[in-house]
Every structure is written in C-alpha cells, then in structure tokens.
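Raw upload_10.pdb, PDB, N, CA and C atoms:
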```pdb
ATOM      1  N   MET A 717      -0.637 -11.320  -8.535
ATOM      2  CA  MET A 717      -1.750 -10.410  -8.414
ATOM      3  C   MET A 717      -1.208  -9.046  -8.009
ATOM      4  N   LEU A 718      -1.701  -8.005  -8.604
ATOM      5  CA  LEU A 718      -1.242  -6.662  -8.296
ATOM      6  C   LEU A 718      -2.244  -5.944  -7.424
ATOM      7  N   PHE A 719      -1.746  -5.049  -6.631
ATOM      8  CA  PHE A 719      -2.560  -4.188  -5.789
ATOM      9  C   PHE A 719      -2.854  -2.952  -6.616
ATOM     10  N   LEU A 720      -4.067  -2.721  -7.012
ATOM     11  CA  LEU A 720      -4.406  -1.621  -7.900
ATOM     12  C   LEU A 720      -4.797  -0.397  -7.090
ATOM     13  N   PHE A 721      -4.144   0.703  -7.355
ATOM     14  CA  PHE A 721      -4.472   1.961  -6.703
ATOM     15  C   PHE A 721      -5.172   2.860  -7.700
ATOM     16  N   SER A 722      -5.992   3.752  -7.195
ATOM     17  CA  SER A 722      -6.741   4.655  -8.063
ATOM     18  C   SER A 722      -5.851   5.809  -8.495
ATOM     19  N   MET A 723      -4.774   5.477  -9.201
ATOM     20  CA  MET A 723      -3.867   6.501  -9.688
ATOM     21  C   MET A 723      -3.063   5.948 -10.840
ATOM     22  N   GLY A 724      -2.501   6.816 -11.624
ATOM     23  CA  GLY A 724      -1.540   6.421 -12.637
ATOM     24  C   GLY A 724      -0.151   6.536 -12.031
ATOM     25  N   MET A 725       0.802   5.805 -12.538
ATOM     26  CA  MET A 725       2.136   5.843 -11.957
ATOM     27  C   MET A 725       3.020   6.933 -12.556
ATOM     28  N   MET A 726       2.557   7.655 -13.575
ATOM     29  CA  MET A 726       3.355   8.739 -14.131
ATOM     30  C   MET A 726       2.882  10.056 -13.527
ATOM     31  N   LEU A 727       3.216  10.249 -12.270
ATOM     32  CA  LEU A 727       2.818  11.439 -11.530
ATOM     33  C   LEU A 727       4.056  12.123 -10.980
ATOM     34  N   HIS A 728       3.918  13.378 -10.645
ATOM     35  CA  HIS A 728       4.991  14.062  -9.933
ATOM     36  C   HIS A 728       4.903  13.658  -8.466
ATOM     37  N   ALA A 729       6.007  13.754  -7.739
ATOM     38  CA  ALA A 729       6.048  13.320  -6.343
ATOM     39  C   ALA A 729       4.932  13.951  -5.520
ATOM     40  N   GLN A 730       4.694  15.243  -5.696
ATOM     41  CA  GLN A 730       3.665  15.891  -4.900
ATOM     42  C   GLN A 730       2.281  15.336  -5.225
ATOM     43  N   ASP A 731       2.090  14.763  -6.440
ATOM     44  CA  ASP A 731       0.813  14.156  -6.799
ATOM     45  C   ASP A 731       0.654  12.769  -6.187
ATOM     46  N   LEU A 732       1.749  12.062  -5.978
ATOM     47  CA  LEU A 732       1.701  10.716  -5.402
ATOM     48  C   LEU A 732       1.346  10.772  -3.923
ATOM     49  N   LEU A 733       1.899  11.745  -3.232
ATOM     50  CA  LEU A 733       1.734  11.814  -1.788
ATOM     51  C   LEU A 733       0.275  12.035  -1.418
ATOM     52  N   GLY A 734      -0.160  11.366  -0.369
ATOM     53  CA  GLY A 734      -1.531  11.499   0.096
ATOM     54  C   GLY A 734      -2.207  10.149   0.213
ATOM     55  N   GLN A 735      -3.512  10.169   0.260
ATOM     56  CA  GLN A 735      -4.288   8.950   0.479
ATOM     57  C   GLN A 735      -4.948   8.494  -0.815
ATOM     58  N   TRP A 736      -4.866   7.171  -1.043
ATOM     59  CA  TRP A 736      -5.404   6.546  -2.246
ATOM     60  C   TRP A 736      -6.213   5.317  -1.853
ATOM     61  N   THR A 737      -7.210   4.994  -2.641
ATOM     62  CA  THR A 737      -8.039   3.825  -2.400
ATOM     63  C   THR A 737      -7.506   2.662  -3.224
ATOM     64  N   SER A 738      -7.371   1.499  -2.591
ATOM     65  CA  SER A 738      -6.987   0.287  -3.318
ATOM     66  C   SER A 738      -8.262  -0.468  -3.684
ATOM     67  N   TYR A 739      -8.221  -1.146  -4.849
ATOM     68  CA  TYR A 739      -9.382  -1.860  -5.367
ATOM     69  C   TYR A 739      -9.019  -3.279  -5.758
ATOM     70  N   LYS A 740     -10.009  -4.145  -5.664
ATOM     71  CA  LYS A 740      -9.906  -5.492  -6.225
ATOM     72  C   LYS A 740     -11.241  -5.787  -6.896
ATOM     73  N   ASN A 741     -11.181  -6.169  -8.161
ATOM     74  CA  ASN A 741     -12.400  -6.471  -8.929
ATOM     75  C   ASN A 741     -13.432  -5.350  -8.824
ATOM     76  N   GLY A 742     -12.961  -4.105  -8.856
ATOM     77  CA  GLY A 742     -13.847  -2.956  -8.828
ATOM     78  C   GLY A 742     -14.387  -2.593  -7.457
ATOM     79  N   LYS A 743     -13.976  -3.320  -6.410
ATOM     80  CA  LYS A 743     -14.465  -3.039  -5.061
ATOM     81  C   LYS A 743     -13.344  -2.436  -4.217
ATOM     82  N   ALA A 744     -13.656  -1.358  -3.531
ATOM     83  CA  ALA A 744     -12.681  -0.704  -2.666
ATOM     84  C   ALA A 744     -12.291  -1.643  -1.526
ATOM     85  N   GLN A 745     -10.989  -1.756  -1.265
ATOM     86  CA  GLN A 745     -10.488  -2.657  -0.228
ATOM     87  C   GLN A 745      -9.885  -1.918   0.964
ATOM     88  N   SER A 746      -9.123  -0.852   0.676
ATOM     89  CA  SER A 746      -8.446  -0.147   1.757
ATOM     90  C   SER A 746      -8.065   1.258   1.323
ATOM     91  N   ILE A 747      -7.666   2.056   2.301
ATOM     92  CA  ILE A 747      -7.103   3.374   2.047
ATOM     93  C   ILE A 747      -5.614   3.266   2.375
ATOM     94  N   VAL A 748      -4.780   3.667   1.424
ATOM     95  CA  VAL A 748      -3.327   3.601   1.572
ATOM     96  C   VAL A 748      -2.789   5.024   1.522
ATOM     97  N   GLU A 749      -1.964   5.354   2.491
ATOM     98  CA  GLU A 749      -1.341   6.675   2.531
ATOM     99  C   GLU A 749       0.083   6.575   2.011
ATOM    100  N   PHE A 750       0.412   7.399   1.002
ATOM    101  CA  PHE A 750       1.764   7.454   0.447
ATOM    102  C   PHE A 750       2.496   8.629   1.061
ATOM    103  N   TYR A 751       3.755   8.399   1.419
ATOM    104  CA  TYR A 751       4.580   9.441   2.018
ATOM    105  C   TYR A 751       6.021   9.266   1.562
ATOM    106  N   GLU A 752       6.793  10.343   1.707
ATOM    107  CA  GLU A 752       8.193  10.327   1.317
ATOM    108  C   GLU A 752       9.051  10.335   2.574
ATOM    109  N   GLN A 753      10.100   9.536   2.550
ATOM    110  CA  GLN A 753      11.027   9.468   3.678
ATOM    111  C   GLN A 753      12.421   9.219   3.118
ATOM    112  N   GLY A 754      13.332  10.129   3.355
ATOM    113  CA  GLY A 754      14.704   9.955   2.893
ATOM    114  C   GLY A 754      14.841   9.823   1.387
ATOM    115  N   GLY A 755      13.982  10.515   0.636
ATOM    116  CA  GLY A 755      14.051  10.460  -0.816
ATOM    117  C   GLY A 755      13.402   9.239  -1.436
ATOM    118  N   GLU A 756      12.798   8.381  -0.633
ATOM    119  CA  GLU A 756      12.088   7.207  -1.131
ATOM    120  C   GLU A 756      10.617   7.328  -0.743
ATOM    121  N   PHE A 757       9.785   6.575  -1.449
ATOM    122  CA  PHE A 757       8.346   6.644  -1.215
ATOM    123  C   PHE A 757       7.838   5.340  -0.621
ATOM    124  N   TYR A 758       6.881   5.486   0.279
ATOM    125  CA  TYR A 758       6.308   4.364   1.013
ATOM    126  C   TYR A 758       4.793   4.501   1.012
ATOM    127  N   GLY A 759       4.105   3.384   1.188
ATOM    128  CA  GLY A 759       2.655   3.389   1.313
ATOM    129  C   GLY A 759       2.234   2.467   2.436
ATOM    130  N   LYS A 760       1.365   2.970   3.311
ATOM    131  CA  LYS A 760       0.877   2.126   4.412
ATOM    132  C   LYS A 760      -0.642   2.145   4.450
ATOM    133  N   ILE A 761      -1.198   1.035   4.866
ATOM    134  CA  ILE A 761      -2.652   0.906   4.998
ATOM    135  C   ILE A 761      -3.084   1.684   6.230
ATOM    136  N   ILE A 762      -4.012   2.625   6.031
ATOM    137  CA  ILE A 762      -4.493   3.403   7.172
ATOM    138  C   ILE A 762      -5.950   3.089   7.505
ATOM    139  N   LYS A 763      -6.642   2.394   6.572
ATOM    140  CA  LYS A 763      -8.037   2.015   6.837
ATOM    141  C   LYS A 763      -8.407   0.829   5.969
ATOM    142  N   LEU A 764      -9.140  -0.108   6.540
ATOM    143  CA  LEU A 764      -9.719  -1.219   5.776
ATOM    144  C   LEU A 764     -11.188  -0.906   5.545
ATOM    145  N   ILE A 765     -11.668  -1.187   4.347
ATOM    146  CA  ILE A 765     -13.066  -0.959   4.025
ATOM    147  C   ILE A 765     -13.776  -2.303   4.162
ATOM    148  N   ASN A 766     -14.744  -2.355   5.050
ATOM    149  CA  ASN A 766     -15.498  -3.578   5.336
ATOM    150  C   ASN A 766     -14.606  -4.747   5.761
ATOM    151  N   PRO A 767     -13.799  -4.582   6.812
ATOM    152  CA  PRO A 767     -12.962  -5.704   7.261
ATOM    153  C   PRO A 767     -13.831  -6.851   7.780
ATOM    154  N   THR A 768     -13.304  -8.064   7.691
ATOM    155  CA  THR A 768     -14.049  -9.238   8.150
ATOM    156  C   THR A 768     -14.015  -9.382   9.665
ATOM    157  N   GLU A 769     -13.081  -8.678  10.311
ATOM    158  CA  GLU A 769     -12.976  -8.687  11.770
ATOM    159  C   GLU A 769     -12.364  -7.365  12.213
ATOM    160  N   PRO A 770     -12.615  -6.958  13.468
ATOM    161  CA  PRO A 770     -12.015  -5.711  13.942
ATOM    162  C   PRO A 770     -10.510  -5.897  14.188
ATOM    163  N   ASN A 771      -9.728  -4.891  13.833
ATOM    164  CA  ASN A 771      -8.277  -4.895  14.072
ATOM    165  C   ASN A 771      -7.589  -6.182  13.609
ATOM    166  N   PRO A 772      -7.771  -6.580  12.342
ATOM    167  CA  PRO A 772      -7.148  -7.832  11.875
ATOM    168  C   PRO A 772      -5.624  -7.740  11.843
ATOM    169  N   ARG A 773      -4.983  -8.891  11.988
ATOM    170  CA  ARG A 773      -3.526  -8.988  11.927
ATOM    171  C   ARG A 773      -3.139  -9.734  10.654
ATOM    172  N   CYS A 774      -1.932  -9.511  10.224
ATOM    173  CA  CYS A 774      -1.449 -10.100   8.975
ATOM    174  C   CYS A 774      -0.876 -11.493   9.246
ATOM    175  N   SER A 775      -1.764 -12.464   9.388
ATOM    176  CA  SER A 775      -1.330 -13.830   9.706
ATOM    177  C   SER A 775      -0.629 -14.499   8.533
ATOM    178  N   LYS A 776      -0.924 -14.064   7.303
ATOM    179  CA  LYS A 776      -0.299 -14.654   6.110
ATOM    180  C   LYS A 776       1.026 -13.996   5.747
ATOM    181  N   CYS A 777       1.320 -12.854   6.361
ATOM    182  CA  CYS A 777       2.561 -12.136   6.035
ATOM    183  C   CYS A 777       3.778 -12.938   6.466
ATOM    184  N   LYS A 778       4.897 -12.599   5.842
ATOM    185  CA  LYS A 778       6.163 -13.239   6.175
ATOM    186  C   LYS A 778       7.099 -12.207   6.803
ATOM    187  N   GLY A 779       8.127 -12.678   7.465
ATOM    188  CA  GLY A 779       9.146 -11.793   8.016
ATOM    189  C   GLY A 779       8.622 -10.897   9.113
ATOM    190  N   GLU A 780       9.111  -9.665   9.127
ATOM    191  CA  GLU A 780       8.776  -8.729  10.206
ATOM    192  C   GLU A 780       7.308  -8.310  10.220
ATOM    193  N   SER A 781       6.592  -8.519   9.130
ATOM    194  CA  SER A 781       5.176  -8.144   9.060
ATOM    195  C   SER A 781       4.252  -9.224   9.612
ATOM    196  N   LYS A 782       4.765 -10.431   9.834
ATOM    197  CA  LYS A 782       3.964 -11.553  10.336
ATOM    198  C   LYS A 782       3.269 -11.164  11.638
ATOM    199  N   ASN A 783       1.965 -11.359  11.676
ATOM    200  CA  ASN A 783       1.104 -11.113  12.837
ATOM    201  C   ASN A 783       1.043  -9.655  13.283
ATOM    202  N   GLN A 784       1.487  -8.735  12.432
ATOM    203  CA  GLN A 784       1.369  -7.313  12.741
ATOM    204  C   GLN A 784      -0.029  -6.834  12.349
ATOM    205  N   PRO A 785      -0.539  -5.778  13.000
ATOM    206  CA  PRO A 785      -1.838  -5.233  12.596
ATOM    207  C   PRO A 785      -1.798  -4.786  11.134
ATOM    208  N   ILE A 786      -2.874  -5.056  10.409
ATOM    209  CA  ILE A 786      -2.936  -4.653   9.009
ATOM    210  C   ILE A 786      -3.025  -3.129   8.897
ATOM    211  N   ILE A 787      -3.785  -2.516   9.810
ATOM    212  CA  ILE A 787      -3.831  -1.054   9.837
ATOM    213  C   ILE A 787      -2.448  -0.575  10.281
ATOM    214  N   GLY A 788      -1.819   0.234   9.458
ATOM    215  CA  GLY A 788      -0.467   0.717   9.732
ATOM    216  C   GLY A 788       0.611  -0.082   9.023
ATOM    217  N   LEU A 789       0.247  -1.177   8.368
ATOM    218  CA  LEU A 789       1.210  -2.024   7.674
ATOM    219  C   LEU A 789       1.762  -1.301   6.447
ATOM    220  N   VAL A 790       3.083  -1.217   6.351
ATOM    221  CA  VAL A 790       3.729  -0.592   5.197
ATOM    222  C   VAL A 790       3.786  -1.636   4.091
ATOM    223  N   ILE A 791       3.078  -1.356   2.989
ATOM    224  CA  ILE A 791       2.971  -2.334   1.901
ATOM    225  C   ILE A 791       3.762  -1.931   0.658
ATOM    226  N   VAL A 792       4.161  -0.665   0.581
ATOM    227  CA  VAL A 792       5.020  -0.181  -0.504
ATOM    228  C   VAL A 792       6.265   0.375   0.168
ATOM    229  N   ARG A 793       7.433  -0.111  -0.270
ATOM    230  CA  ARG A 793       8.691   0.303   0.358
ATOM    231  C   ARG A 793       9.737   0.671  -0.685
ATOM    232  N   ASN A 794      10.538   1.677  -0.345
ATOM    233  CA  ASN A 794      11.745   2.027  -1.094
ATOM    234  C   ASN A 794      11.525   2.339  -2.569
ATOM    235  N   MET A 795      10.358   2.861  -2.929
ATOM    236  CA  MET A 795      10.101   3.241  -4.304
ATOM    237  C   MET A 795      10.797   4.579  -4.563
ATOM    238  N   VAL A 796      11.386   4.740  -5.733
ATOM    239  CA  VAL A 796      12.076   5.978  -6.069
ATOM    240  C   VAL A 796      11.470   6.568  -7.335
ATOM    241  N   GLN A 797      11.658   7.866  -7.484
ATOM    242  CA  GLN A 797      11.182   8.552  -8.679
ATOM    243  C   GLN A 797      12.364   8.793  -9.597
ATOM    244  N   VAL A 798      12.231   8.328 -10.838
ATOM    245  CA  VAL A 798      13.239   8.546 -11.874
ATOM    246  C   VAL A 798      12.524   9.287 -12.997
ATOM    247  N   GLY A 799      12.756  10.581 -13.101
ATOM    248  CA  GLY A 799      11.991  11.394 -14.044
ATOM    249  C   GLY A 799      10.543  11.425 -13.598
ATOM    250  N   ASN A 800       9.643  11.029 -14.479
ATOM    251  CA  ASN A 800       8.215  10.986 -14.145
ATOM    252  C   ASN A 800       7.730   9.583 -13.824
ATOM    253  N   ILE A 801       8.655   8.653 -13.649
ATOM    254  CA  ILE A 801       8.299   7.252 -13.393
ATOM    255  C   ILE A 801       8.710   6.877 -11.966
ATOM    256  N   TYR A 802       7.852   6.100 -11.296
ATOM    257  CA  TYR A 802       8.196   5.533  -9.992
ATOM    258  C   TYR A 802       8.635   4.100 -10.230
ATOM    259  N   SER A 803       9.771   3.739  -9.682
ATOM    260  CA  SER A 803      10.293   2.398  -9.939
ATOM    261  C   SER A 803      11.017   1.865  -8.716
ATOM    262  N   ARG A 804      11.520   0.659  -8.894
ATOM    263  CA  ARG A 804      12.199  -0.106  -7.855
ATOM    264  C   ARG A 804      11.283  -0.288  -6.661
ATOM    265  N   GLY A 805      11.838  -0.575  -5.532
ATOM    266  CA  GLY A 805      11.030  -0.788  -4.354
ATOM    267  C   GLY A 805      10.245  -2.087  -4.418
ATOM    268  N   THR A 806       9.407  -2.285  -3.424
ATOM    269  CA  THR A 806       8.594  -3.494  -3.351
ATOM    270  C   THR A 806       7.145  -3.137  -3.008
ATOM    271  N   ILE A 807       6.230  -3.971  -3.494
ATOM    272  CA  ILE A 807       4.812  -3.858  -3.156
ATOM    273  C   ILE A 807       4.356  -5.228  -2.697
ATOM    274  N   MET A 808       3.751  -5.297  -1.514
ATOM    275  CA  MET A 808       3.273  -6.577  -0.990
ATOM    276  C   MET A 808       2.108  -7.085  -1.822
ATOM    277  N   ASP A 809       2.055  -8.378  -2.018
ATOM    278  CA  ASP A 809       0.959  -9.048  -2.706
ATOM    279  C   ASP A 809      -0.258  -9.036  -1.778
ATOM    280  N   PRO A 810      -1.425  -8.540  -2.241
ATOM    281  CA  PRO A 810      -2.607  -8.497  -1.373
ATOM    282  C   PRO A 810      -3.020  -9.861  -0.836
ATOM    283  N   SER A 811      -2.757 -10.949  -1.588
ATOM    284  CA  SER A 811      -3.121 -12.270  -1.080
ATOM    285  C   SER A 811      -2.262 -12.633   0.130
ATOM    286  N   GLU A 812      -1.063 -12.059   0.206
ATOM    287  CA  GLU A 812      -0.203 -12.281   1.370
ATOM    288  C   GLU A 812      -0.698 -11.516   2.591
ATOM    289  N   ILE A 813      -1.375 -10.416   2.345
ATOM    290  CA  ILE A 813      -1.893  -9.592   3.441
ATOM    291  C   ILE A 813      -3.198 -10.166   3.968
ATOM    292  N   GLY A 814      -3.997 -10.762   3.089
ATOM    293  CA  GLY A 814      -5.268 -11.349   3.517
ATOM    294  C   GLY A 814      -6.424 -10.376   3.482
ATOM    295  N   ILE A 815      -6.365  -9.348   2.635
ATOM    296  CA  ILE A 815      -7.486  -8.410   2.548
ATOM    297  C   ILE A 815      -8.216  -8.538   1.220
ATOM    298  N   GLU A 816      -8.173  -9.711   0.636
ATOM    299  CA  GLU A 816      -8.823  -9.912  -0.664
ATOM    300  C   GLU A 816     -10.322  -9.917  -0.512
TER
END
```

As structure tokens, how would this structure be written, given the file I've shared?
Amino acid sequence: MLFLFSMGMMLHAQDLLGQWTSYKNGKAQSIVEFYEQGGEFYGKIIKLINPTEPNPRCSKCKGESKNQPIIGLVIVRNMVQVGNIYSRGTIMDPSEIGIE
C-alpha cells in the first residue's frame, strides 16, 4: 500500500518542501511536512486528521519508531533528487503506522 500525497513527484526541490496532505481512499489522513537536510529530503507527520485517540503512538512500527508518537514521526527518509525525479530513500507503509 502506498502513502499518497497531494503532489506529483516530478517537482523541483523548492516545490517539494512544505506541508502536504496525505490521503487514503479520497479521505485526508494527515499533514506531512517535507524538509531538506544534508542534501536529502525527509517527511514527518505534523498533524493527524480525525485521530482515533489523542496523541497516538506507533504501536505497529518496527525498530526505533516503535511506540513513538505518530505526530513528529519521520515517514520519508533519505530521498534524493536526481534531475527532476525524487528517488531512493524509504517511505513507511501507512498500515505499519496505524493511521489507516
């Protein structure tokens, strides 16, 4: 399952940076902020839309993200820009985060 953002991936870096809404089945799920750090791009959840509980934690996450607050969770890591394409890096599966 992919995390769909309200953007196309063929953007210039300055167009990627900022806040984007994530969707599932046409319904807004969260606000993700994209930022650049050390020449790589990252995205973190800064707001949940209609969370099922206040301040939820990522109980389904693995590794260092396990039981961390979902707000502030970095879900896109180490993405790089090659020409007009963003590639490499990782994107967390939304079912692993538990915000479906």

Task: Proximity to Ser746 (chain A) - best of A:Ser803, A:Asn794, A:Asn766, A:Ser811, all atoms listed in the file - done: A:Asn766

Task: Exercise: Lys776 (chain A) partners within 6.5 Å, all atoms listed in the file, chain neighbours under 6 positions left out, as a list in words - done: Lys782, Asn783, Glu812, Ile813 and Gly814 of chain A

Task: Result set of the PyMOL selection byres ((chain A and resi 752-759) around 5) on the coordinates above, as a PyMOL selection string - done: chain A and resi 749-751+760-761+790-796

TODO: Tell me which of A:Ala744, A:Leu733, A:Cys777, A:Ile787 sits closest to Lys763 (chain A), counting only C-alpha atoms.
DONE: A:Ile787

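Interatomic distance, atom C of Ile747 (chain A) to CA of Pro770 (chain A): 16.0 Å.
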
TODO: With the file shown as input, list the residues that the PyMOL selection byres (((chain A and resi 771 and name CA) around 9) and name CA) selects, as a PyMOL selection string.
DONE: chain A and resi 767+769-770+772-773+785-787

Task: Filtered DSSP result for chain A, state strand (DSSP E), as an MDAnalysis selection string - done: chainID A and resid 720:721 734:740 743:753 756:764 790:798 801:803 806:807

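Rounded to one decimal, CA of Lys743 (chain A) and CA of Ile765 (chain A) lie 9.4 Å from each other.
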
Let me know the centre plus edge lengths, in Å and rounded to one decimal, of a box with edges along x, y and z that contains all listed atoms of region 751-767 of chain A and is padded by 8 Å on every side, as lines of an AutoDock Vina configuration file.
```
center_x = -0.3
center_y = 1.8
center_z = 3.2
size_x = 46.3
size_y = 33.4
size_z = 25.2
```

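Pairwise distance (atom N of Gly779 (chain A), CA of Tyr739 (chain A)) equals 24.3 Å.
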
Task: alpha helix (DSSP H) positions in chain A, given as a ChimeraX atom specification - done: /A:729-732,810-813
